[in-house]
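Below is one structure, written out as structure tokens; the observations come after it.
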Amino acid sequence: MHVTIIGIGPGHPDQITVQAVNALNAHDVILLPTKAGTTTGDTRRSIAQRHLVNPDAHRLIDLPMPSVRNRPRGAYRHSVQQFREQQAAAIAAALDALDVTNVAILTWGCPTLFDGTIEGVRTYPGVQMDVIPGVTSVSALAAAHGVAQTEIGQSVLITTGRQLQHGLPANHGTVVDMVDAKGHVWTQDPAGWTAYWGAFVGLAQEELDHGPLDEMQQRIPAKRAELAETHGWLFDVTLLRQDHQDQNPPEPDI
Ligand SMILES: C[S@@+](CC[C@H](N)C(=O)[O-])C[C@H]1O[C@@H](n2cnc3c(N)ncnc32)[C@H](O)[C@@H]1O
């Protein structure tokens, strides 16, 4: 079995690469991971249909994936490991059911960022794999706000809300908060940070906001709750930038 994992970008139908479109068109069978309670499967399907030269010539097959909401309870690392095993089992079951030896799987954003597809496919016996990168939700967010992800001589930390729940790390000029269903970032000490936030970036439901973190903490939690209520699910990402770094800039090494 040869599997091509294709990053399709974070939702905007034009945020897909030419390499990804070419790979889509080269596969008769395209698996669309779907997650209960979200519309990401529908979005994957519509992005594929938009870019397939002859959509009727391809089989687009839903691949139901376990929901992170049902992740097994227990110690975090063990629980995530079990969840990843469930994901791998779902992928294996879908591949077992196919009558072809070449298949594409469409992943959200870039398959190399907070996504279990690569690991899941890798465990399939005898598999060969190609990975096609995609635009990440981080780059889409930064571009939507017109800010750079990086600053001269400063590091960037891309992490999860869980990792931020005990405070924002001061040793990074930029911190990106993803996969933060509980909104931990909105309860941290806000002093010295500006937040650039986006929900459903690139999708029709997109919402953007930015400002000093203390002010954002007053309005974003209610906005998040409203969006989750309206749409039944929520994807959001926040880029946090430390203020006043120009007062003591480190030496760039280039
Ligand atoms: C499982 S991770 C997948 C990330 C994806 N592979 C990428 O490259 O962006 C899902 C998280 O990515 C972020 N995310 C993905 N797409 C997004 C979008 N269109 N708008 C806002 N956040 C998004 C959210 O933080 C969400 O919880």
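By order of appearance in the structure tokens: chains A, B, ..., then residues from 1 within every chain, and ligands from 1 in the order shown.
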- Shell of 10 Å around ligand 1 (only C-alpha atoms and all ligand atoms), written as number ranges by chain: A: 7-12, 40, 68, 107-117, 133-141, 159-161, 176-181, 197-208, 234-238
- Who sits within 8 Å of range 1-6 of chain A, only C-alpha atoms, same chain under 5 positions skipped, as an MDAnalysis selection string: chainID A and resid 20 23:24 100:107 110:111 117:118 121 126:134
- Please identify all polymer residues within 9 Å of Asp209 in chain A, counting only C-alpha atoms, omitting same-chain residues fewer than 3 positions from it, and present them as a PyMOL selection string. chain A and resi 145+195-198+216+220
What does the file look like for those residues with C-alpha atoms, as a PDB file, in the first residue's frame?
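Saved as out_5.pdb:
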```pdb
ATOM      1  CA  HIS A 145      -3.441  39.745  11.114  1.00  0.00           C
ATOM      2  CA  ALA A 195      -2.612  38.580  21.593  1.00  0.00           C
ATOM      3  CA  TYR A 196      -3.543  37.968  17.956  1.00  0.00           C
ATOM      4  CA  TRP A 197      -6.482  35.560  17.958  1.00  0.00           C
ATOM      5  CA  GLY A 198      -8.409  33.833  15.198  1.00  0.00           C
ATOM      6  CA  MET A 216      -8.536  40.198  25.150  1.00  0.00           C
ATOM      7  CA  ILE A 220     -12.506  36.417  23.957  1.00  0.00           C
TER       8      ILE A 220
END
```
- A:Val156, A:Val185, A:Leu240, A:Val29 ranked by distance to His58 in chain A, top pick (using only C-alpha atoms): A:Val29
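Residue nearest Arg84 in chain A, chosen from A:Met65, A:Leu227, A:Ala143, A:Ala97 and counting only C-alpha atoms: A:Met65.
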- Item | Surrounding residues of Ala92 in chain A excluding itself and chain neighbours under 2 positions, 9 Å, only C-alpha atoms, as number ranges by chain | A: 87-90, 94-97, 120-121, 123-125
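CA of Val147 in chain A lies 26.0 Å from CA of Gln19 in chain A.
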- Residue set, range 128-216 of chain A restricted to helix (DSSP H, G or I), as a ChimeraX atom specification: /A:137-145,161-164,184-187,213-216
- Per DSSP on the backbone, what are the strand (DSSP E) residues of range 18-144 of chain A, as a ChimeraX atom specification? /A:29-35,59-65,102-107,128-132
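Atom pair CA of Asp214 in chain A / CA of Ile152 in chain A has a distance of 25.2 Å (rounded to one decimal).
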- Task: Would you please work out which residue, of A:Gln217, A:Gln242, A:Thr174, A:Ala144, is nearest to Ile158 in chain A when using only C-alpha atoms?
- Result: A:Thr174
